[in-house]
$ cat run.cif   # mmCIF, C-alpha atoms and all ligand atoms
data_input
#
loop_
_atom_site.label_atom_id
_atom_site.label_comp_id
_atom_site.auth_asym_id
_atom_site.auth_seq_id
_atom_site.Cartn_x
_atom_site.Cartn_y
_atom_site.Cartn_z
CA MET A 1 60.04 -31.17 -16.36
CA GLU A 2 61.46 -33.93 -18.56
CA LYS A 3 58.98 -33.03 -21.28
CA ILE A 4 59.93 -29.36 -21.08
CA LYS A 5 63.61 -30.26 -21.43
CA LYS A 6 62.72 -32.30 -24.47
CA ALA A 7 60.76 -29.40 -25.96
CA VAL A 8 63.72 -27.08 -25.37
CA GLN A 9 66.02 -29.49 -27.21
CA ILE A 10 63.61 -29.80 -30.10
CA LEU A 11 63.25 -26.01 -30.40
CA LYS A 12 66.99 -25.38 -30.08
CA HIS A 13 67.81 -27.77 -32.86
CA SER A 14 65.02 -26.73 -35.18
CA ARG A 15 65.88 -25.05 -38.47
CA PHE A 16 62.49 -23.33 -38.83
CA THR A 17 59.83 -23.25 -36.14
CA THR A 18 56.30 -21.96 -36.52
CA ALA A 19 54.02 -21.16 -33.57
CA PHE A 20 50.35 -21.83 -34.27
CA THR A 21 48.23 -20.12 -31.63
CA GLY A 22 44.58 -19.96 -30.63
CA ALA A 23 42.37 -18.28 -28.07
CA GLY A 24 44.01 -20.22 -25.20
CA ILE A 25 47.24 -18.23 -25.38
CA SER A 26 45.30 -15.05 -24.53
CA VAL A 27 43.20 -16.51 -21.70
CA GLU A 28 45.79 -15.38 -19.13
CA SER A 29 45.59 -11.88 -20.62
CA GLY A 30 41.95 -11.89 -19.55
CA ILE A 31 40.29 -12.70 -22.90
CA PRO A 32 37.94 -15.69 -22.69
CA PRO A 33 38.05 -18.42 -25.36
CA PHE A 34 35.00 -19.33 -27.46
CA ARG A 35 34.91 -23.00 -26.53
CA GLY A 36 35.59 -25.04 -23.42
CA LYS A 37 34.63 -24.69 -19.77
CA ASP A 38 34.59 -20.87 -19.57
CA GLY A 39 34.00 -20.37 -23.27
CA ILE A 40 31.98 -17.49 -24.68
CA TRP A 41 29.61 -19.81 -26.53
CA ASN A 42 28.25 -21.06 -23.20
CA LYS A 43 26.79 -17.56 -22.84
CA TYR A 44 26.15 -16.29 -26.38
CA ASP A 45 24.91 -17.67 -29.65
CA PRO A 46 27.70 -17.84 -32.27
CA GLU A 47 25.28 -16.39 -34.86
CA ALA A 48 26.31 -12.88 -33.63
CA LEU A 49 29.52 -13.47 -35.57
CA ASP A 50 27.87 -14.83 -38.69
CA ILE A 51 28.14 -12.38 -41.59
CA SER A 52 24.56 -12.95 -42.81
CA TYR A 53 23.16 -12.41 -39.32
CA PHE A 54 25.35 -9.32 -38.85
CA THR A 55 24.16 -7.64 -42.05
CA GLU A 56 20.52 -8.20 -41.07
CA ASN A 57 20.88 -7.49 -37.32
CA PRO A 58 23.88 -5.17 -36.97
CA GLU A 59 22.70 -3.58 -33.72
CA HIS A 60 22.20 -6.90 -31.91
CA SER A 61 25.44 -8.37 -33.26
CA TRP A 62 27.34 -5.22 -32.27
CA MET A 63 26.00 -5.33 -28.69
CA ILE A 64 27.52 -8.79 -28.28
CA ILE A 65 30.70 -8.01 -30.23
CA LYS A 66 31.30 -4.90 -28.15
CA GLU A 67 31.04 -6.85 -24.90
CA LEU A 68 33.18 -9.71 -26.24
CA PHE A 69 35.98 -7.75 -27.83
CA TYR A 70 35.86 -3.99 -27.39
CA ASP A 71 35.08 -3.53 -23.71
CA TYR A 72 38.53 -4.92 -22.88
CA TYR A 73 40.21 -3.06 -25.76
CA ASN A 74 43.45 -1.47 -24.49
CA SER A 75 43.24 -3.24 -21.13
CA ALA A 76 44.35 -6.74 -22.20
CA LYS A 77 48.13 -6.96 -22.29
CA PRO A 78 50.48 -9.63 -23.68
CA ASN A 79 51.26 -12.35 -21.13
CA PRO A 80 54.54 -14.29 -20.66
CA ALA A 81 53.60 -16.73 -23.44
CA HIS A 82 53.25 -13.95 -26.04
CA LEU A 83 56.47 -12.37 -24.75
CA ALA A 84 58.41 -15.65 -24.90
CA LEU A 85 57.41 -16.16 -28.55
CA ALA A 86 58.49 -12.60 -29.40
CA ARG A 87 61.85 -13.24 -27.72
CA MET A 88 62.28 -16.52 -29.60
CA GLU A 89 61.74 -14.63 -32.86
CA ARG A 90 64.26 -11.93 -31.91
CA GLU A 91 66.83 -14.58 -31.02
CA GLY A 92 66.35 -16.44 -34.30
CA LEU A 93 64.49 -19.42 -32.83
CA LEU A 94 61.05 -18.74 -34.31
CA GLY A 95 60.30 -18.10 -37.96
CA ARG A 96 56.61 -17.32 -37.93
CA VAL A 97 53.53 -16.97 -35.76
CA ILE A 98 50.27 -18.09 -37.31
CA THR A 99 47.47 -17.01 -35.07
CA GLN A 100 43.73 -17.56 -35.11
CA ASN A 101 43.44 -14.73 -32.61
CA ILE A 102 42.27 -11.27 -33.51
CA ASP A 103 43.46 -9.51 -30.36
CA ASN A 104 46.75 -8.02 -31.65
CA LEU A 105 48.63 -9.29 -28.56
CA HIS A 106 51.41 -11.03 -30.49
CA GLN A 107 52.27 -7.74 -32.19
CA GLU A 108 52.04 -5.86 -28.89
CA ALA A 109 54.47 -8.38 -27.42
CA GLY A 110 56.96 -7.56 -30.20
CA SER A 111 56.43 -10.42 -32.67
CA ARG A 112 56.86 -9.22 -36.23
CA MET A 113 56.31 -12.27 -38.43
CA VAL A 114 52.64 -12.62 -37.45
CA PHE A 115 50.03 -13.93 -39.86
CA GLU A 116 46.44 -13.52 -38.70
CA PHE A 117 44.21 -16.25 -40.02
CA HIS A 118 41.08 -14.46 -38.85
CA GLY A 119 42.14 -10.83 -39.21
CA ASN A 120 42.42 -8.27 -36.44
CA LEU A 121 40.01 -6.26 -34.31
CA THR A 122 41.92 -2.97 -34.35
CA LYS A 123 40.20 -1.73 -37.50
CA LEU A 124 36.58 -1.26 -38.53
CA LYS A 125 35.47 -1.39 -42.16
CA CYS A 126 32.48 0.27 -43.84
CA LEU A 127 30.30 -2.34 -45.52
CA SER A 128 29.19 0.22 -48.15
CA CYS A 129 32.26 2.21 -49.22
CA PHE A 130 34.95 -0.05 -47.59
CA LYS A 131 36.66 2.88 -45.85
CA LYS A 132 38.67 1.64 -42.85
CA TYR A 133 38.93 3.30 -39.43
CA ASN A 134 41.13 2.67 -36.41
CA VAL A 135 38.92 1.67 -33.49
CA PRO A 136 39.78 4.66 -31.24
CA GLU A 137 38.52 7.04 -33.98
CA ILE A 138 34.98 5.68 -33.71
CA SER A 139 32.58 5.99 -30.79
CA LEU A 140 30.87 2.75 -29.81
CA ASP A 141 28.34 4.54 -27.59
CA HIS A 142 25.65 4.24 -30.26
CA LEU A 143 25.40 0.91 -32.03
CA PRO A 144 25.89 0.05 -34.79
CA PRO A 145 28.66 2.56 -35.53
CA THR A 146 28.41 4.18 -38.97
CA CYS A 147 30.78 5.52 -41.61
CA ARG A 148 31.53 9.26 -41.48
CA GLU A 149 31.85 9.39 -45.26
CA CYS A 150 28.76 7.53 -46.45
CA GLY A 151 26.70 6.53 -43.38
CA GLY A 152 27.17 2.79 -44.07
CA ILE A 153 27.38 0.24 -41.24
CA LEU A 154 30.86 -0.38 -39.82
CA LYS A 155 31.93 -3.95 -39.22
CA PRO A 156 34.99 -5.12 -37.28
CA ASP A 157 37.66 -5.99 -39.82
CA PHE A 158 38.10 -9.56 -38.57
CA VAL A 159 36.78 -12.68 -40.23
CA PHE A 160 33.16 -13.59 -39.44
CA PHE A 161 31.64 -17.02 -39.98
CA GLY A 162 30.80 -17.17 -43.68
CA GLU A 163 33.68 -14.90 -44.75
CA SER A 164 36.90 -15.85 -46.51
CA ILE A 165 40.28 -16.18 -44.86
CA PRO A 166 42.69 -13.35 -45.82
CA GLN A 167 44.77 -14.54 -48.75
CA ASP A 168 48.15 -13.48 -47.32
CA ALA A 169 47.57 -15.40 -44.07
CA LEU A 170 46.38 -18.45 -45.96
CA MET A 171 49.44 -18.46 -48.22
CA ALA A 172 51.83 -17.86 -45.32
CA SER A 173 50.25 -20.71 -43.35
CA TYR A 174 50.49 -23.25 -46.14
CA GLU A 175 54.04 -22.14 -46.79
CA ALA A 176 54.91 -22.52 -43.09
CA ALA A 177 53.41 -26.01 -43.08
CA GLY A 178 55.88 -26.90 -45.83
CA LEU A 179 58.91 -25.06 -44.41
CA SER A 180 58.77 -25.94 -40.73
CA ASP A 181 60.53 -28.76 -39.01
CA VAL A 182 58.80 -27.86 -35.72
CA PHE A 183 55.21 -26.68 -35.18
CA LEU A 184 54.43 -25.33 -31.72
CA ILE A 185 50.66 -25.42 -31.18
CA ILE A 186 49.46 -23.30 -28.24
CA GLY A 187 45.92 -23.03 -26.85
CA THR A 188 43.63 -24.16 -29.60
CA THR A 189 40.92 -26.80 -29.73
CA GLY A 190 41.59 -27.48 -33.40
CA GLU A 191 37.87 -27.34 -34.15
CA VAL A 192 37.85 -24.27 -36.37
CA MET A 193 38.01 -24.91 -40.12
CA PRO A 194 40.02 -24.32 -42.26
CA ALA A 195 42.72 -23.23 -39.76
CA ASN A 196 42.72 -26.70 -38.22
CA GLN A 197 44.08 -28.18 -41.45
CA ILE A 198 47.43 -26.43 -41.09
CA PRO A 199 49.08 -28.50 -38.29
CA PRO A 200 48.17 -31.87 -39.89
CA LEU A 201 49.68 -30.60 -43.12
CA ALA A 202 52.88 -29.63 -41.30
CA LYS A 203 52.96 -33.10 -39.74
CA GLN A 204 52.54 -34.71 -43.17
CA ASN A 205 55.50 -32.66 -44.34
CA GLY A 206 57.65 -34.02 -41.53
CA ALA A 207 57.34 -31.37 -38.79
CA ILE A 208 57.58 -32.37 -35.13
CA ILE A 209 54.42 -31.19 -33.38
CA VAL A 210 54.78 -29.80 -29.86
CA GLU A 211 51.50 -28.84 -28.19
CA ILE A 212 50.70 -26.74 -25.09
CA ASN A 213 47.16 -26.86 -23.70
CA PRO A 214 45.68 -27.55 -20.25
CA GLU A 215 43.14 -29.87 -21.90
CA PRO A 216 43.75 -32.39 -24.68
CA SER A 217 42.60 -31.01 -28.02
CA HIS A 218 41.52 -32.38 -31.36
CA TYR A 219 45.24 -32.52 -32.24
CA THR A 220 46.59 -34.26 -29.14
CA ASN A 221 45.95 -37.84 -30.20
CA MET A 222 45.99 -37.11 -33.90
CA VAL A 223 49.23 -35.26 -34.71
CA THR A 224 50.96 -34.17 -31.51
CA ASP A 225 54.39 -35.69 -30.85
CA LEU A 226 55.07 -33.95 -27.53
CA TYR A 227 52.12 -32.81 -25.41
CA LEU A 228 52.88 -30.33 -22.62
CA GLN A 229 49.78 -30.19 -20.45
CA GLY A 230 49.36 -26.83 -18.74
CA LYS A 231 48.76 -23.12 -19.11
CA ALA A 232 50.50 -21.32 -21.96
CA SER A 233 52.26 -18.73 -19.79
CA GLU A 234 53.55 -21.22 -17.23
CA ILE A 235 54.91 -23.67 -19.80
CA MET A 236 56.33 -20.95 -22.07
CA LYS A 237 58.13 -19.34 -19.12
CA GLU A 238 59.88 -22.67 -18.46
CA ILE A 239 60.69 -23.13 -22.13
CA GLU A 240 62.08 -19.59 -22.30
CA LYS A 241 64.32 -20.27 -19.28
CA GLY A 242 65.57 -23.40 -20.98
CA LEU A 243 66.23 -21.68 -24.29
CA PHE A 244 67.91 -18.64 -22.82
CA PRO A 245 69.63 -19.73 -19.63
CA ALA A 246 70.73 -16.54 -17.93
CA SER A 247 72.25 -18.07 -14.82
CA LEU A 248 73.72 -21.28 -13.47
CA ASP A 249 70.29 -22.04 -12.03
CA ASN A 250 69.20 -22.91 -15.52
CA ASP A 251 72.08 -25.29 -16.20
CA GLN A 252 69.71 -28.22 -16.10
CA TYR A 253 68.46 -27.12 -19.51
CA ARG A 254 71.82 -26.54 -21.15
CA ILE A 255 72.36 -28.60 -24.28
CA ASP A 256 75.95 -29.29 -25.29
P1 LIG B 1 38.87 -22.12 -28.71
O1 LIG B 1 38.11 -21.05 -28.03
O2 LIG B 1 38.19 -23.08 -29.60
O3 LIG B 1 39.69 -22.99 -27.65
C1 LIG B 1 40.49 -22.47 -26.68
C2 LIG B 1 41.56 -23.50 -26.30
O4 LIG B 1 42.44 -22.88 -25.37
C3 LIG B 1 41.02 -24.77 -25.63
O5 LIG B 1 41.62 -25.90 -26.21
C4 LIG B 1 41.46 -24.62 -24.17
O6 LIG B 1 41.70 -25.86 -23.53
C5 LIG B 1 42.72 -23.81 -24.33
N1 LIG B 1 43.12 -23.03 -23.17
C6 LIG B 1 42.32 -22.50 -22.19
N2 LIG B 1 43.09 -21.85 -21.28
C7 LIG B 1 44.37 -21.96 -21.71
C8 LIG B 1 45.62 -21.49 -21.21
N3 LIG B 1 45.71 -20.76 -20.08
N4 LIG B 1 46.75 -21.79 -21.90
C9 LIG B 1 46.69 -22.52 -23.04
N5 LIG B 1 45.53 -22.99 -23.55
C10 LIG B 1 44.39 -22.71 -22.90
O7 LIG B 1 40.00 -21.37 -29.46
P2 LIG B 1 40.43 -21.54 -30.91
O8 LIG B 1 40.63 -22.99 -31.23
O9 LIG B 1 41.54 -20.63 -31.07
O10 LIG B 1 39.18 -21.10 -31.83
C11 LIG B 1 38.30 -20.07 -31.59
C12 LIG B 1 38.30 -19.00 -32.66
O11 LIG B 1 37.73 -17.88 -32.04
C13 LIG B 1 39.67 -18.53 -33.05
O12 LIG B 1 39.88 -18.97 -34.30
C14 LIG B 1 39.63 -17.00 -32.98
O13 LIG B 1 39.36 -16.46 -34.23
C15 LIG B 1 38.46 -16.67 -32.16
N6 LIG B 1 38.76 -16.12 -30.83
C16 LIG B 1 39.78 -15.26 -30.66
C17 LIG B 1 40.05 -14.75 -29.42
C18 LIG B 1 41.21 -13.81 -29.25
O14 LIG B 1 41.58 -13.14 -30.22
N7 LIG B 1 41.83 -13.76 -28.08
C19 LIG B 1 39.26 -15.10 -28.32
C20 LIG B 1 38.19 -15.98 -28.55
C21 LIG B 1 37.96 -16.49 -29.80
#
$ encode --input "run.cif" --output "structure tokens"
Amino acid sequence: MEKIKKAVQILKHSRFTTAFTGAGISVESGIPPFRGKDGIWNKYDPEALDISYFTENPEHSWMIIKELFYDYYNSAKPNPAHLALARMEREGLLGRVITQNIDNLHQEAGSRMVFEFHGNLTKLKCLSCFKKYNVPEISLDHLPPTCRECGGILKPDFVFFGESIPQDALMASYEAAGLSDVFLIIGTTGEVMPANQIPPLAKQNGAIIVEINPEPSHYTNMVTDLYLQGKASEIMKEIEKGLFPASLDNDQYRID
């Protein structure tokens, strides 16, 4: 509780806060992470998401991708951690969300300043003519799905291993690492390059690093100033109560 109070103070007094999120923030929405105890890579080979493998084996890659990402499409909903970040933005306490996630849950929660380091799964792109489709327009009953215009293979429009990071997200992330006096890292191992370079850069530029994760990450002993050990939704609910005390019950958090 003391650590949460401290986090609330840090966030309240911050001039510009950036949230940097990874797969862990969506675990309580029912989407498994790649790494860790219940991680996807304990079951599947990561090559399914390698661009070279995909172009040579689109049917096999798609079978895995469909199970990983599209079978839950529309059923996963934002959890209290996504909602708390959206509220912080609305109330002027959060400048930006930089997410490594592709699940669109920050936007569904109401966050607007979202920069997706690895793209988004809501669109499919033709590898031949580059036409884009919204996922509901395309049947995934027969894999791989193909383009209605040219018959080319459709690929999810998120970043595969071996592909470049979208330029706008990259620029926004470097900018945030320079602008922010607080970086709130939630649910990421910090093992994925080059995204994992952003929090250390923020630290170098003077940001206070607050981290939420049930397990220590690559960042915890390297850059984190305040480590809140626990699940994203539970900790963010407490932080939200502290930031927006609605009743006398929350007086313990009030900062004068
Ligand atoms: P990761 O899979 O490497 O690590 C997940 C992290 O979340 C771990 O540190 C774990 O301890 C933590 N975690 C588990 N449960 C949590 C909870 N309830 N609350 C908070 N944290 C929790 O995730 P990553 O570092 O983000 O890297 C994997 C890459 O895979 C991402 O860059 C992303 O592109 C992609 N990915 C995205 C999704 C998604 O969009 N939801 C899901 C899986 C993977």
$ residues_near_ligand --input "run.cif" --ligand "ligand LIG 1 (chain B)" --cutoff "6 Å" --atoms "all atoms listed in the file" --output "number ranges by chain"
A: 22-28, 31-36, 100-103, 118, 186-192, 213-215, 217, 231-232
$ atom_distance --input "run.cif" --atom1 "CA of Ile64 (chain A)" --atom2 "CA of Pro80 (chain A)"
28.6 Å
$ residues_around --input "run.cif" --residues "Glu108 (chain A)" --least-positions-apart "5" --cutoff "12 Å" --atoms "all atoms listed in the file" --output "list of chain:residue names"
A:Asn74, A:Ala76, A:Lys77, A:Pro78, A:Asn79, A:His82, A:Leu83, A:Leu85, A:Ala86, A:Asp103, A:Val114, A:Thr122
$ residues_near_point --input "run.cif" --point "(59.2, -33.8, -16.2)" --cutoff "12 Å" --atoms "only C-alpha atoms" --output "PDB file with C-alpha atoms, in the frame of the given file"
ATOM      1  CA  MET A   1      60.040 -31.170 -16.360  1.00  0.00           C
ATOM      2  CA  GLU A   2      61.460 -33.930 -18.560  1.00  0.00           C
ATOM      3  CA  LYS A   3      58.980 -33.030 -21.280  1.00  0.00           C
ATOM      4  CA  ILE A   4      59.930 -29.360 -21.080  1.00  0.00           C
ATOM      5  CA  LYS A   5      63.610 -30.260 -21.430  1.00  0.00           C
ATOM      6  CA  LYS A   6      62.720 -32.300 -24.470  1.00  0.00           C
ATOM      7  CA  ALA A   7      60.760 -29.400 -25.960  1.00  0.00           C
ATOM      8  CA  TYR A 227      52.120 -32.810 -25.410  1.00  0.00           C
ATOM      9  CA  LEU A 228      52.880 -30.330 -22.620  1.00  0.00           C
ATOM     10  CA  GLN A 229      49.780 -30.190 -20.450  1.00  0.00           C
ATOM     11  CA  ILE A 235      54.910 -23.670 -19.800  1.00  0.00           C
ATOM     12  CA  GLU A 238      59.880 -22.670 -18.460  1.00  0.00           C
ATOM     13  CA  GLN A 252      69.710 -28.220 -16.100  1.00  0.00           C
ATOM     14  CA  TYR A 253      68.460 -27.120 -19.510  1.00  0.00           C
TER      15      TYR A 253
END
$ closest_residue --input "run.cif" --among "A:Glu137, A:Lys132, A:Lys12, A:Thr224" --to "Glu91 (chain A)" --atoms "all atoms listed in the file"
A:Lys12
$ residues_around --input "run.cif" --residues "Phe183 (chain A)" --least-positions-apart "5" --cutoff "8 Å" --atoms "all atoms listed in the file" --output "list in words"
Thr17, Thr18, Ala19, Phe20, Pro199, Ala202, Ala207, Ile208, Ile209 and Val210 of chain A
$ atom_distance --input "run.cif" --atom1 "CA of Val223 (chain A)" --atom2 "CA of Ala81 (chain A)"
22.1 Å
$ atom_distance --input "run.cif" --atom1 "CA of Leu143 (chain A)" --atom2 "CA of Gly119 (chain A)"
21.7 Å
$ closest_residue --input "run.cif" --among "A:Pro194, A:Gly152, A:Gly95, A:Pro245" --to "Met113 (chain A)" --atoms "only C-alpha atoms"
A:Gly95
$ residues_around --input "run.cif" --residues "Tyr70 (chain A)" --least-positions-apart "6" --cutoff "9 Å" --atoms "all atoms listed in the file" --output "list in words"
Leu121, Val135 and Leu140 of chain A
$ closest_residue --input "run.cif" --among "A:Ile165, A:Ile98, A:Met171, A:Leu154" --to "Met193 (chain A)" --atoms "only C-alpha atoms"
A:Ile165
